[in-house]
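Visitor: File coords_12.cif below, mmCIF, C-alpha atoms and all ligand atoms:
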```cif
data_start
loop_
_atom_site.label_atom_id
_atom_site.label_comp_id
_atom_site.auth_asym_id
_atom_site.auth_seq_id
_atom_site.Cartn_x
_atom_site.Cartn_y
_atom_site.Cartn_z
CA MET F 1035 42.26 13.88 31.31
CA PHE F 1036 42.45 11.18 28.57
CA GLU F 1037 42.04 13.43 25.51
CA LYS F 1038 45.21 12.24 23.79
CA TYR F 1039 44.11 8.59 23.95
CA ASP F 1040 41.41 6.57 22.26
CA TYR F 1041 38.80 6.83 25.01
CA MET F 1042 35.11 7.20 25.84
CA GLU F 1043 33.20 8.61 28.78
CA ASN F 1044 30.02 7.26 30.40
CA VAL F 1045 30.14 3.97 28.55
CA GLU F 1046 27.33 1.40 28.74
CA LEU F 1047 29.07 -1.64 30.17
CA LYS F 1048 26.31 -3.99 29.06
CA ASN F 1049 27.72 -3.59 25.55
CA TYR F 1050 31.09 -4.89 26.78
CA SER F 1051 29.98 -8.08 28.52
CA THR F 1052 28.57 -11.20 26.89
CA MET F 1053 25.96 -11.19 29.73
CA LYS F 1054 24.60 -7.88 28.35
CA VAL F 1055 24.27 -6.45 31.87
CA GLY F 1056 25.90 -3.44 33.51
CA GLY F 1057 25.54 0.29 34.10
CA LEU F 1058 27.87 3.08 33.03
CA ALA F 1059 31.65 3.13 33.31
CA LYS F 1060 33.03 6.59 33.95
CA PHE F 1061 35.83 6.05 31.42
CA MET F 1062 36.91 3.39 28.98
CA VAL F 1063 40.40 3.83 27.55
CA PHE F 1064 41.87 1.86 24.65
CA PRO F 1065 45.68 2.23 24.84
CA ARG F 1066 47.42 1.62 21.53
CA THR F 1067 51.00 1.00 22.71
CA HIS F 1068 53.02 -0.03 25.76
CA LEU F 1069 53.98 3.61 26.19
CA GLU F 1070 50.34 4.75 26.24
CA LEU F 1071 49.56 2.03 28.77
CA LYS F 1072 52.42 3.24 30.97
CA GLU F 1073 51.25 6.87 30.75
CA LEU F 1074 47.67 5.83 31.41
CA PHE F 1075 48.66 4.11 34.65
CA GLU F 1076 50.65 7.16 35.71
CA ILE F 1077 47.46 9.23 35.36
CA ILE F 1078 45.39 6.56 37.14
CA LYS F 1079 47.86 6.61 40.03
CA GLN F 1080 48.11 10.40 40.14
CA GLU F 1081 44.33 10.83 40.13
CA ASN F 1082 43.81 7.87 42.47
CA LEU F 1083 41.26 6.27 40.13
CA ARG F 1084 39.86 2.76 40.29
CA TRP F 1085 40.69 0.63 37.24
CA PHE F 1086 39.81 -2.67 35.64
CA ILE F 1087 41.40 -4.55 32.74
CA LEU F 1088 38.86 -5.79 30.23
CA GLY F 1089 39.22 -8.45 27.55
CA ASN F 1090 36.00 -9.40 25.82
CA GLY F 1091 33.88 -9.37 28.98
CA SER F 1092 32.90 -13.02 28.55
CA ASN F 1093 33.68 -13.84 32.16
CA VAL F 1094 32.74 -10.55 33.86
CA LEU F 1095 29.46 -9.57 35.43
CA PHE F 1096 29.22 -5.79 35.64
CA ASP F 1097 27.04 -4.12 38.25
CA ASP F 1098 23.85 -2.28 37.27
CA GLU F 1099 25.29 0.67 39.21
CA GLY F 1100 28.22 0.78 36.78
CA PHE F 1101 31.87 1.35 37.56
CA ASP F 1102 33.17 4.65 38.85
CA GLY F 1103 36.66 4.31 37.41
CA VAL F 1104 38.67 3.50 34.30
CA VAL F 1105 38.05 0.36 32.27
CA VAL F 1106 41.23 -0.36 30.34
CA ASN F 1107 40.30 -2.14 27.12
CA LEU F 1108 43.17 -3.89 25.32
CA LYS F 1109 41.45 -4.35 21.96
CA HIS F 1110 44.33 -2.55 20.17
CA PHE F 1111 46.78 -5.21 21.39
CA ASP F 1112 45.72 -7.26 18.41
CA ARG F 1113 48.83 -8.41 16.55
CA VAL F 1114 49.41 -12.02 15.49
CA VAL F 1115 52.96 -12.69 14.23
CA LYS F 1116 54.19 -16.09 13.11
CA SER F 1117 57.74 -17.30 13.60
CA GLY F 1118 58.27 -20.92 12.56
CA GLU F 1119 55.77 -23.05 14.44
CA SER F 1120 55.33 -20.41 17.12
CA VAL F 1121 53.12 -17.36 17.10
CA ARG F 1122 53.17 -14.16 19.15
CA VAL F 1123 49.63 -13.03 19.92
CA GLY F 1124 48.44 -9.74 21.43
CA ALA F 1125 46.42 -10.06 24.63
CA GLY F 1126 43.39 -8.40 23.05
CA VAL F 1127 42.99 -10.92 20.22
CA ASN F 1128 39.78 -12.95 20.57
CA PHE F 1129 39.67 -16.66 19.91
CA PHE F 1130 37.35 -16.41 16.92
CA ALA F 1131 39.75 -14.07 15.09
CA LEU F 1132 42.81 -15.98 16.32
CA ASN F 1133 41.61 -19.35 15.06
CA ILE F 1134 40.72 -17.92 11.65
CA LYS F 1135 44.15 -16.30 11.41
CA LEU F 1136 45.95 -19.48 12.54
CA LYS F 1137 44.08 -21.47 9.92
CA SER F 1138 45.35 -19.12 7.21
CA LEU F 1139 48.88 -19.39 8.65
CA GLY F 1140 48.67 -23.21 8.64
CA LEU F 1141 49.21 -23.51 12.41
CA GLY F 1142 47.14 -26.08 14.29
CA GLY F 1143 46.69 -26.96 17.96
CA LEU F 1144 44.22 -24.39 19.25
CA GLU F 1145 41.15 -25.64 17.37
CA TRP F 1146 39.53 -26.67 20.69
CA SER F 1147 39.31 -22.96 21.58
CA TYR F 1148 37.21 -22.01 18.56
CA GLY F 1149 33.93 -20.80 20.02
CA ILE F 1150 35.32 -19.44 23.29
CA PRO F 1151 34.21 -15.80 23.13
CA GLY F 1152 37.19 -14.43 25.10
CA THR F 1153 40.59 -12.90 24.41
CA LEU F 1154 44.01 -14.43 24.93
CA GLY F 1155 44.59 -12.19 27.99
CA GLY F 1156 41.34 -13.36 29.61
CA LEU F 1157 42.00 -17.05 28.92
CA LEU F 1158 45.59 -16.88 30.21
CA VAL F 1159 44.58 -15.22 33.49
CA MET F 1160 42.27 -18.09 34.33
CA ASN F 1161 44.12 -20.80 32.39
CA GLY F 1162 40.91 -21.53 30.57
CA GLY F 1163 40.30 -24.42 28.27
CA CYS F 1164 37.95 -27.16 27.17
CA TYR F 1165 37.81 -30.64 25.66
CA GLY F 1166 40.84 -31.81 27.65
CA HIS F 1167 43.02 -28.79 26.84
CA GLU F 1168 44.18 -25.76 28.81
CA ILE F 1169 45.82 -22.71 27.27
CA CYS F 1170 48.97 -23.21 29.40
CA GLU F 1171 49.92 -26.28 27.33
CA PHE F 1172 50.75 -23.95 24.44
CA VAL F 1173 52.55 -21.15 26.29
CA GLU F 1174 56.25 -20.52 25.66
CA GLU F 1175 56.44 -17.08 27.24
CA VAL F 1176 54.15 -14.26 28.31
CA THR F 1177 54.92 -10.53 28.12
CA VAL F 1178 53.37 -8.55 30.95
CA PHE F 1179 53.19 -5.03 32.29
CA ASP F 1180 54.30 -4.94 35.90
CA SER F 1181 54.38 -1.66 37.88
CA GLY F 1182 55.29 0.44 34.84
CA LYS F 1183 57.77 -2.07 33.35
CA VAL F 1184 57.43 -4.57 30.52
CA LYS F 1185 58.61 -8.04 31.58
CA ARG F 1186 58.99 -11.32 29.72
CA LEU F 1187 58.06 -14.40 31.73
CA LYS F 1188 59.08 -17.86 30.62
CA LYS F 1189 56.51 -20.61 31.08
CA SER F 1190 58.57 -21.97 33.99
CA ASP F 1191 58.21 -18.57 35.77
CA ILE F 1192 54.41 -18.82 35.72
CA LYS F 1193 52.22 -20.88 38.03
CA PHE F 1194 49.35 -22.43 36.09
CA GLU F 1195 46.68 -24.43 37.89
CA TYR F 1196 43.17 -25.60 37.04
CA ARG F 1197 41.28 -22.40 36.06
CA HIS F 1198 43.84 -20.17 37.77
CA SER F 1199 47.24 -18.63 37.09
CA ASP F 1200 49.43 -16.19 38.97
CA LEU F 1201 49.35 -13.94 35.88
CA ASN F 1202 46.41 -12.26 37.64
CA GLN F 1203 48.93 -9.95 39.35
CA TYR F 1204 49.97 -8.42 35.99
CA ILE F 1205 48.52 -6.87 32.87
CA ILE F 1206 49.13 -9.36 30.09
CA LEU F 1207 50.32 -7.73 26.86
CA SER F 1208 51.03 -10.72 24.61
CA ALA F 1209 52.15 -14.33 24.63
CA LYS F 1210 54.24 -16.60 22.46
CA LEU F 1211 52.41 -19.85 21.79
CA LYS F 1212 53.91 -23.07 20.46
CA LEU F 1213 51.73 -24.66 17.78
CA LYS F 1214 52.13 -27.26 15.01
CA ALA F 1215 52.11 -26.87 11.24
CA ASP F 1216 48.98 -28.36 9.68
CA LEU F 1217 46.89 -28.02 6.55
CA PRO F 1218 44.24 -25.26 6.67
CA GLU F 1219 41.54 -27.78 5.66
CA ASN F 1220 42.41 -30.06 8.62
CA ILE F 1221 42.41 -27.09 10.98
CA ASN F 1222 39.09 -25.89 9.58
CA GLN F 1223 37.49 -29.30 10.05
CA LYS F 1224 38.56 -29.50 13.72
CA MET F 1225 37.44 -25.91 14.38
CA THR F 1226 34.00 -26.59 12.88
CA GLU F 1227 33.59 -29.87 14.79
CA ASN F 1228 34.48 -28.23 18.11
CA PHE F 1229 32.25 -25.20 17.63
CA THR F 1230 29.32 -27.39 16.52
CA LYS F 1231 29.79 -29.52 19.66
CA LYS F 1232 29.77 -26.38 21.82
CA LYS F 1233 26.70 -24.89 20.15
CA ASN F 1234 24.81 -28.18 20.57
CA ALA F 1235 25.61 -28.41 24.29
CA GLN F 1236 25.66 -24.77 25.41
CA PRO F 1237 23.20 -21.86 25.15
CA TYR F 1238 25.08 -19.75 22.57
CA GLU F 1239 21.77 -18.21 21.50
CA LEU F 1240 21.37 -16.29 24.80
CA PRO F 1241 23.69 -13.91 26.69
CA SER F 1242 25.77 -15.68 29.38
CA LEU F 1243 29.23 -15.83 30.91
CA GLY F 1244 29.85 -19.52 30.22
CA SER F 1245 30.15 -21.89 33.19
CA VAL F 1246 29.35 -20.09 36.42
CA PHE F 1247 31.24 -22.56 38.64
CA LYS F 1248 34.57 -24.36 38.44
CA LEU F 1249 34.67 -28.15 38.63
CA VAL F 1250 35.23 -29.34 42.18
CA HIS F 1251 38.33 -31.50 42.72
CA LYS F 1252 37.84 -33.59 45.87
CA ASN F 1253 40.62 -36.10 46.58
CA ASP F 1254 40.75 -38.06 43.30
CA GLU F 1255 37.18 -37.30 42.38
CA ILE F 1256 35.97 -34.59 39.97
CA ILE F 1257 32.52 -33.21 40.75
CA TYR F 1258 30.65 -31.46 37.92
CA PRO F 1259 28.44 -28.70 39.40
CA ALA F 1260 26.35 -28.61 36.20
CA LYS F 1261 25.45 -32.28 36.63
CA LEU F 1262 24.43 -31.74 40.26
CA ILE F 1263 22.36 -28.66 39.38
CA ASP F 1264 20.63 -30.68 36.67
CA ASN F 1265 20.01 -33.62 39.06
CA LEU F 1266 18.48 -31.20 41.57
CA GLY F 1267 15.95 -30.26 38.87
CA LEU F 1268 17.04 -26.62 38.79
CA LYS F 1269 17.21 -26.14 35.00
CA GLY F 1270 14.82 -23.33 34.06
CA VAL F 1271 14.65 -21.81 37.58
CA LYS F 1272 14.35 -18.04 37.14
CA ILE F 1273 14.90 -14.93 39.23
CA GLY F 1274 13.77 -11.85 37.33
CA GLY F 1275 15.38 -12.09 33.89
CA ALA F 1276 18.12 -14.53 34.97
CA GLU F 1277 17.57 -18.21 34.30
CA ILE F 1278 19.47 -21.44 34.87
CA SER F 1279 19.88 -22.51 31.27
CA GLN F 1280 17.49 -25.22 30.11
CA LYS F 1281 20.26 -26.43 27.75
CA HIS F 1282 23.25 -26.53 30.16
CA ALA F 1283 22.69 -26.34 33.91
CA GLY F 1284 26.15 -24.84 34.48
CA PHE F 1285 25.19 -21.65 32.63
CA ILE F 1286 23.01 -18.76 33.81
CA VAL F 1287 21.45 -16.91 30.89
CA ASN F 1288 19.95 -13.48 30.49
CA THR F 1289 16.48 -13.98 29.03
CA GLY F 1290 16.23 -10.31 28.14
CA GLU F 1291 15.88 -7.96 31.07
CA ALA F 1292 18.15 -9.51 33.72
CA THR F 1293 19.82 -7.19 36.21
CA SER F 1294 23.11 -7.90 37.96
CA GLU F 1295 21.07 -8.35 41.14
CA ASP F 1296 18.90 -11.06 39.51
CA ILE F 1297 22.02 -12.92 38.40
CA ILE F 1298 23.78 -12.67 41.77
CA LYS F 1299 20.62 -13.81 43.60
CA LEU F 1300 20.32 -16.81 41.27
CA ILE F 1301 24.01 -17.72 41.78
CA GLU F 1302 23.51 -17.51 45.55
CA TYR F 1303 20.36 -19.64 45.31
CA VAL F 1304 22.27 -22.35 43.41
CA GLU F 1305 25.14 -22.15 45.93
CA CYS F 1306 22.65 -22.73 48.79
CA LYS F 1307 21.13 -25.74 47.01
CA LEU F 1308 24.59 -27.23 46.39
CA LEU F 1309 25.64 -26.60 49.99
CA GLU F 1310 22.56 -28.51 51.14
CA ILE F 1311 24.02 -31.59 49.40
CA GLY F 1312 27.51 -30.90 50.76
CA VAL F 1313 29.19 -29.30 47.73
CA LYS F 1314 30.77 -25.85 47.80
CA PRO F 1315 31.83 -24.88 44.29
CA GLU F 1316 34.07 -21.94 43.53
CA ARG F 1317 32.77 -19.27 41.16
CA GLU F 1318 34.50 -19.15 37.77
CA ILE F 1319 33.06 -15.76 36.84
CA ILE F 1320 34.28 -12.37 38.04
CA ILE F 1321 31.78 -9.96 39.61
CA LEU F 1322 32.89 -6.33 39.30
CA LYS F 1323 31.31 -4.10 41.94
C1 LIG H 1401 29.24 -19.03 25.56
C2 LIG H 1401 30.51 -19.07 26.38
C3 LIG H 1401 31.35 -20.18 26.29
C4 LIG H 1401 32.52 -20.24 27.07
N1 LIG H 1401 33.32 -21.35 26.98
C5 LIG H 1401 34.45 -21.42 27.71
C6 LIG H 1401 35.29 -22.56 27.62
O1 LIG H 1401 35.05 -23.50 26.89
N2 LIG H 1401 36.41 -22.58 28.40
C7 LIG H 1401 36.74 -21.55 29.22
O2 LIG H 1401 37.79 -21.62 29.89
N3 LIG H 1401 35.97 -20.45 29.32
C8 LIG H 1401 34.83 -20.35 28.58
N4 LIG H 1401 34.03 -19.25 28.68
C9 LIG H 1401 34.38 -18.17 29.62
C10 LIG H 1401 35.23 -17.03 29.00
O3 LIG H 1401 35.04 -16.94 27.60
C11 LIG H 1401 36.68 -17.25 29.30
O4 LIG H 1401 36.90 -17.21 30.69
C12 LIG H 1401 37.57 -16.20 28.63
O5 LIG H 1401 38.89 -16.60 28.77
C13 LIG H 1401 37.44 -14.81 29.22
O6 LIG H 1401 38.16 -13.94 28.38
P1 LIG H 1401 37.76 -12.41 28.21
O7 LIG H 1401 38.72 -11.81 27.27
O8 LIG H 1401 36.34 -12.29 27.85
O9 LIG H 1401 38.02 -11.90 29.67
P2 LIG H 1401 37.17 -10.86 30.50
O10 LIG H 1401 35.85 -11.46 30.80
O11 LIG H 1401 37.19 -9.54 29.84
O12 LIG H 1401 38.04 -10.80 31.84
C14 LIG H 1401 38.16 -11.92 32.67
C15 LIG H 1401 39.23 -11.65 33.72
O13 LIG H 1401 40.49 -11.58 33.08
C16 LIG H 1401 41.12 -10.33 33.33
N5 LIG H 1401 41.85 -9.97 32.11
C17 LIG H 1401 41.39 -9.93 30.85
N6 LIG H 1401 42.38 -9.58 30.02
C18 LIG H 1401 43.48 -9.38 30.75
C19 LIG H 1401 44.83 -9.00 30.48
N7 LIG H 1401 45.25 -8.74 29.25
N8 LIG H 1401 45.69 -8.89 31.51
C20 LIG H 1401 45.30 -9.15 32.78
N9 LIG H 1401 44.04 -9.49 33.11
C21 LIG H 1401 43.14 -9.63 32.10
C22 LIG H 1401 40.00 -9.37 33.65
O14 LIG H 1401 40.46 -8.28 34.44
C23 LIG H 1401 39.07 -10.29 34.43
O15 LIG H 1401 39.50 -10.41 35.75
C24 LIG H 1401 32.86 -19.16 27.91
C25 LIG H 1401 32.02 -18.03 27.97
C26 LIG H 1401 30.87 -17.99 27.22
C27 LIG H 1401 30.01 -16.74 27.27
#
```
Mind turning the file's structure into structure tokens?

Guide:
Amino acid sequence: MFEKYDYMENVELKNYSTMKVGGLAKFMVFPRTHLELKELFEIIKQENLRWFILGNGSNVLFDDEGFDGVVVNLKHFDRVVKSGESVRVGAGVNFFALNIKLKSLGLGGLEWSYGIPGTLGGLLVMNGGCYGHEICEFVEEVTVFDSGKVKRLKKSDIKFEYRHSDLNQYIILSAKLKLKADLPENINQKMTENFTKKKNAQPYELPSLGSVFKLVHKNDEIIYPAKLIDNLGLKGVKIGGAEISQKHAGFIVNTGEATSEDIIKLIEYVECKLLEIGVKPEREIIILK
């Protein structure tokens, strides 16, 4: 069915998620062009297949039972093209590669994102960020695939909120980001400082999906679920191979043999404990069943 594309069958999803959990996907297809993507979705529609768009899998928990459909992997959408102080970036570019490229191009502004193990597409969908920044601050326009057509959306056409955007209705192909000229050595220093800060505070040494829960905004107050989980003494609580990180209570880590069931049970356990103290946080991670 997918012979003319770059594709694989019966793919171990655990190799495509930073949680290192997940059974087999029936197909994984890596379209190379807009045209291939269009054709691919014609086949998906014709054959009535389930599908899922994958970035770097750093926010997705796959099921141990796998996924009986097509995982569309956008790793070939990997171009980075500078024009003045702006840059057009393919949705499949990850933030490690992007920051290194931007440093060589002398474009600063995104150093805060160095260390986020996701792609531009993944970060845009959830308007991710850290250290006081969100990716939407840098967006000029986003090119998307919408029911077989390529569309360009200006920033003013897109609704960005805290850890959410209405880009989730599309497939993101690329975005034009507005940055600022800077010296590579300045950029490098900021990148290193930010990544060091992250590695000191977060369990980079173990598989995870980053923060499990979003911050809770209640009236004018911001509630940090990680702080509450820590105060409840839950760091180190384990179900099977899943553990509430000893380093950062907002993370659940895979200590080696975690199953998706272990992780979901642990998330539900934390949710119960938080509910007992009157807090109902929203999950930041995506669970693909
Ligand atoms: C150690 C660690 C640290 C982290 N730190 C941060 C942080 O500081 N800030 C932060 O915000 N997040 C952080 N995260 C979470 C994660 O890296 C981000 O959410 C990231 O943006 C997800 O990108 P991804 O490419 O891995 O997306 P995936 O996990 O592959 O996908 C996430 C969602 O986006 C959708 N998606 C992906 N690409 C596209 C596309 N092109 N078009 C349409 N939909 C798409 C998927 O279908 C899915 O619903 C961290 C994670 C880890 C493991």

Visitor: When distances are computed from all atoms listed in the file, which of F:Ser1242, F:Asn1049, F:Asn1133, F:Ser1138 shows the smallest separation from ligand LIG 1401 (chain H)?

Guide: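 Smallest separation from ligand LIG 1401 (chain H) among the options: F:Ser1242.
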
Visitor: Using only C-alpha atoms and all ligand atoms, which protein or nucleic acid residues are at most 6 Å from ligand LIG 1401 (chain H), as a PyMOL selection string?

Guide: chain F and resi 1052+1086-1094+1125+1150-1153+1155-1157+1159+1162-1164+1202+1204-1207+1238+1242-1244

Visitor: Only C-alpha atoms, please: the residues just picked out, written as an mmCIF file, in the coordinates of the input.

Guide:
```
data_model
loop_
_atom_site.group_PDB
_atom_site.id
_atom_site.type_symbol
_atom_site.label_atom_id
_atom_site.label_comp_id
_atom_site.auth_asym_id
_atom_site.auth_seq_id
_atom_site.Cartn_x
_atom_site.Cartn_y
_atom_site.Cartn_z
ATOM 1 C CA THR F 1052 28.570 -11.200 26.890
ATOM 2 C CA PHE F 1086 39.810 -2.670 35.640
ATOM 3 C CA ILE F 1087 41.400 -4.550 32.740
ATOM 4 C CA LEU F 1088 38.860 -5.790 30.230
ATOM 5 C CA GLY F 1089 39.220 -8.450 27.550
ATOM 6 C CA ASN F 1090 36.000 -9.400 25.820
ATOM 7 C CA GLY F 1091 33.880 -9.370 28.980
ATOM 8 C CA SER F 1092 32.900 -13.020 28.550
ATOM 9 C CA ASN F 1093 33.680 -13.840 32.160
ATOM 10 C CA VAL F 1094 32.740 -10.550 33.860
ATOM 11 C CA ALA F 1125 46.420 -10.060 24.630
ATOM 12 C CA ILE F 1150 35.320 -19.440 23.290
ATOM 13 C CA PRO F 1151 34.210 -15.800 23.130
ATOM 14 C CA GLY F 1152 37.190 -14.430 25.100
ATOM 15 C CA THR F 1153 40.590 -12.900 24.410
ATOM 16 C CA GLY F 1155 44.590 -12.190 27.990
ATOM 17 C CA GLY F 1156 41.340 -13.360 29.610
ATOM 18 C CA LEU F 1157 42.000 -17.050 28.920
ATOM 19 C CA VAL F 1159 44.580 -15.220 33.490
ATOM 20 C CA GLY F 1162 40.910 -21.530 30.570
ATOM 21 C CA GLY F 1163 40.300 -24.420 28.270
ATOM 22 C CA CYS F 1164 37.950 -27.160 27.170
ATOM 23 C CA ASN F 1202 46.410 -12.260 37.640
ATOM 24 C CA TYR F 1204 49.970 -8.420 35.990
ATOM 25 C CA ILE F 1205 48.520 -6.870 32.870
ATOM 26 C CA ILE F 1206 49.130 -9.360 30.090
ATOM 27 C CA LEU F 1207 50.320 -7.730 26.860
ATOM 28 C CA TYR F 1238 25.080 -19.750 22.570
ATOM 29 C CA SER F 1242 25.770 -15.680 29.380
ATOM 30 C CA LEU F 1243 29.230 -15.830 30.910
ATOM 31 C CA GLY F 1244 29.850 -19.520 30.220
#
```

Visitor: As an exercise, work out the distance from atom CA of Gly1142 of chain F to atom CA of Gln1236 of chain F in Å and give it to one decimal place.

Guide: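 Distance between the two atoms: 24.2 Å.
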
Visitor: Can you pull out every residue within 12 Å of Lys1299 of chain F, counting all atoms listed in the file, but drop anything in the same chain fewer than 2 positions away, and send it as a PyMOL selection string?

Guide: chain F and resi 1271-1278+1286+1292-1297+1301-1306

Visitor: Between F:Ile1169, F:Ile1263, F:Val1184, F:Val1250, single out the one closest to Pro1315 of chain F, counting all atoms listed in the file.

Guide: F:Val1250

Visitor: In Å, with one decimal, what is the gap from atom CA of Lys1072 of chain F to atom CA of His1198 of chain F?

Guide: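 Pair atom CA of Lys1072 of chain F / atom CA of His1198 of chain F returns 25.8 Å.
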
Visitor: With a distance cut-off of 7 Å and all atoms listed in the file, select the neighbouring residues of Gly1056 of chain F, excluding the residue or stretch itself and same-chain residues fewer than 5 positions from it, and output the selection as JSON, numbers by chain.

Guide: {"F": [1046, 1047, 1048, 1096, 1097, 1098, 1100, 1294]}

Visitor: For the atom pair atom CA of Ser1051 of chain F and atom CA of Gly1124 of chain F, what is the interatomic distance in Å to one decimal place?

Guide: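 A separation of 19.8 Å between them.
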
Visitor: Find the residues around Arg1317 of chain F up to 10 Å (all atoms listed in the file counted), leave out those fewer than 3 positions away in its own chain, and share them as number ranges by chain.

Guide: F: 1245-1249, 1301, 1305, 1314, 1320-1321

Visitor: Which polymer residues, protein or nucleic acid, are no farther than 12 Å from (59.7, -23.9, 32.6), counting all atoms listed in the file, as number ranges by chain?

Guide: F: 1170-1171, 1173-1176, 1187-1194

Visitor: Could you check the closest approach to Leu1262 of chain F for each of F:Val1105, F:Val1287, F:Ile1311, F:Ile1298 and tell me which residue wins, using only C-alpha atoms?

Guide: F:Ile1311

Visitor: Rank F:Pro1259, F:Ala1215, F:Lys1224, F:Leu1266 by their smallest atom-to-atom distance to Ser1147 of chain F, using all atoms listed in the file, and report the top residue only.

Guide: F:Lys1224

Visitor: Please identify all polymer residues within 12 Å of Val1045 of chain F, counting all atoms listed in the file, omitting same-chain residues fewer than 3 positions from it, and present them as a PDB file with C-alpha atoms, in the coordinates of the input.

Guide:
```
ATOM      1  CA  TYR F1041      38.800   6.830  25.010  1.00  0.00           C
ATOM      2  CA  MET F1042      35.110   7.200  25.840  1.00  0.00           C
ATOM      3  CA  LYS F1048      26.310  -3.990  29.060  1.00  0.00           C
ATOM      4  CA  ASN F1049      27.720  -3.590  25.550  1.00  0.00           C
ATOM      5  CA  TYR F1050      31.090  -4.890  26.780  1.00  0.00           C
ATOM      6  CA  GLY F1056      25.900  -3.440  33.510  1.00  0.00           C
ATOM      7  CA  GLY F1057      25.540   0.290  34.100  1.00  0.00           C
ATOM      8  CA  LEU F1058      27.870   3.080  33.030  1.00  0.00           C
ATOM      9  CA  ALA F1059      31.650   3.130  33.310  1.00  0.00           C
ATOM     10  CA  LYS F1060      33.030   6.590  33.950  1.00  0.00           C
ATOM     11  CA  PHE F1061      35.830   6.050  31.420  1.00  0.00           C
ATOM     12  CA  MET F1062      36.910   3.390  28.980  1.00  0.00           C
ATOM     13  CA  VAL F1063      40.400   3.830  27.550  1.00  0.00           C
ATOM     14  CA  GLY F1100      28.220   0.780  36.780  1.00  0.00           C
ATOM     15  CA  PHE F1101      31.870   1.350  37.560  1.00  0.00           C
ATOM     16  CA  ASP F1102      33.170   4.650  38.850  1.00  0.00           C
ATOM     17  CA  GLY F1103      36.660   4.310  37.410  1.00  0.00           C
ATOM     18  CA  VAL F1104      38.670   3.500  34.300  1.00  0.00           C
ATOM     19  CA  VAL F1105      38.050   0.360  32.270  1.00  0.00           C
ATOM     20  CA  ASN F1107      40.300  -2.140  27.120  1.00  0.00           C
TER      21      ASN F1107
END
```

Visitor: Which polymer residues, protein or nucleic acid, are no farther than 12 Å from (48.4, -0.1, 22.3), counting all atoms listed in the file, as a PyMOL selection string?

Guide: chain F and resi 1039-1040+1063-1074+1106-1113+1124-1126+1207-1208

Visitor: Keeping C-alpha atoms (and nothing else), can you write segment 1241-1257 of chain F of this structure as a short mmCIF file (atom, residue, chain, number, x, y, z; two decimals), in the first residue's frame?

Guide:
```
data_model
loop_
_atom_site.label_atom_id
_atom_site.label_comp_id
_atom_site.auth_asym_id
_atom_site.auth_seq_id
_atom_site.Cartn_x
_atom_site.Cartn_y
_atom_site.Cartn_z
CA PRO F 1241 13.05 8.23 30.01
CA SER F 1242 10.09 10.59 30.59
CA LEU F 1243 7.63 12.84 28.81
CA GLY F 1244 8.51 16.03 30.68
CA SER F 1245 5.88 17.58 32.96
CA VAL F 1246 2.85 15.33 33.22
CA PHE F 1247 0.47 18.13 34.27
CA LYS F 1248 -0.12 21.71 33.19
CA LEU F 1249 0.10 24.51 35.74
CA VAL F 1250 -3.31 25.32 37.20
CA HIS F 1251 -4.49 28.90 36.74
CA LYS F 1252 -7.09 29.71 39.41
CA ASN F 1253 -8.30 33.32 39.43
CA ASP F 1254 -5.01 35.24 39.71
CA GLU F 1255 -3.17 32.39 41.34
CA ILE F 1256 -0.83 29.90 39.61
CA ILE F 1257 -0.70 26.47 41.23
#
```
